[in-house]
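Enquirer: Structure in structure tokens, see below.
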Amino acid sequence: MAHAVFSYGQRTALVTGGSKNIGLAIAEKLLQAGLRVAILSSNAEHLQAAQAQLQDKGYAPSIWHGDVADVAQLPALLQRIHAHHGSIDILVNCAGILDLSAVEDTTEAMWDRVLDVNLKGTFFVTQQCIPYLKQGSHPRIINIASNAGRMGGYANAMSYTASKGGMISLTYGLARRLAPFGITVNCVAPGTIESDMSRMRDAQTQQQLLEKFPLGRIGTSEEVACAVCYFASQESGFSTGAVLDVNGGMFMG
């Protein structure tokens, strides 16, 4: 009789930005693992579509509408999520937006929006989840950064690079601060992944990026989701402050 390699228990995972692309794939994988999953997104239409898609597959995630950059509304929102599920044991910070502007064309408004969602949102959602994670079972924080945060990127704006590099630094710092509470903090750093984000680039840029991958292809959202599943598992308890690169070999270090 086959046995599962990883175990997850009766735990709840909150996935920010979980209504599309990588976030939705993560939510589905965690549901497949038997976890309760709450999906948070700022796009109500995408939330409804994600819920319908997952329900068609036999899963029952809860969906929550909110903007991670709106710090003032986070305490009440997270309190409702916790009350609904009875726990928040795993936090996956996946909410993010992409900026493709050139250095010379980046506006202050776009810089602020990207940093607000990708970096500020990650920190304050984490901050507000800490009391629940301290009460949780095998508590985990998993940040979804980017290859751009590891080595600067090739076709993205500096706002995106800065935000993802900041997420990686947050991973290191939070891992040290939260270790005494048994909360692990790790990071998955994808390279170019087939998604709405990757399709924002023109065909020539996509081909140029493809040529930089030693494995000769871009990745899938499911491959990123599987990496998240390791960090979410009960068996990953001795891994903290780690960055797992899922990037086809573009960055090795």
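Identifiers in this document derive from the order of the structure tokens: chains are assigned A, B, ..., residues are numbered from 1 separately in each chain, and ligands are numbered from 1 in order of occurrence.
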Taking 5 positions as the minimum chain separation for residues in the same chain, which residues sit within 9 Å of Ala102 (chain A) when counting only C-alpha atoms? Answer as a ChimeraX atom specification.
Expert: /A:155-158
Enquirer: Which residues of region 115-167 of chain A sit at most 12 Å from region 40-52 of chain A, using only C-alpha atoms? Give each one's shortest atom pair and distance in Å (one decimal place), in chain and ascending residue order, as a tab-separated table.
Expert:
residue	atom	partner	partner_atom	distance
A:Val117	CA	A:Ser42	CA	10.4
A:Gly121	CA	A:Ser42	CA	11.9
A:Val125	CA	A:Leu40	CA	10.9
Enquirer: Pick the closest to Gly23 (chain A) from A:Ala148, A:Ala69, A:Leu91, A:Leu115: which is it, counting only C-alpha atoms?
Expert: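 Of all the options, A:Leu91 lies closest to Gly23 (chain A).
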Enquirer: DSSP on the backbone: what in region 4-192 of chain A comes out strand (DSSP E or B), as an NGL selection string?
Expert: :A and (12-16 or 36-41 or 62-65 or 90-93 or 140-144 or 184-190)
Enquirer: I'd like the contact shell of region 207-216 of chain A - 10 Å cut-off, only C-alpha atoms, skipping same-chain residues fewer than 2 positions apart - returned as a PyMOL selection string.
Expert: chain A and resi 153-155+191-192+201-205+218-219+247-251
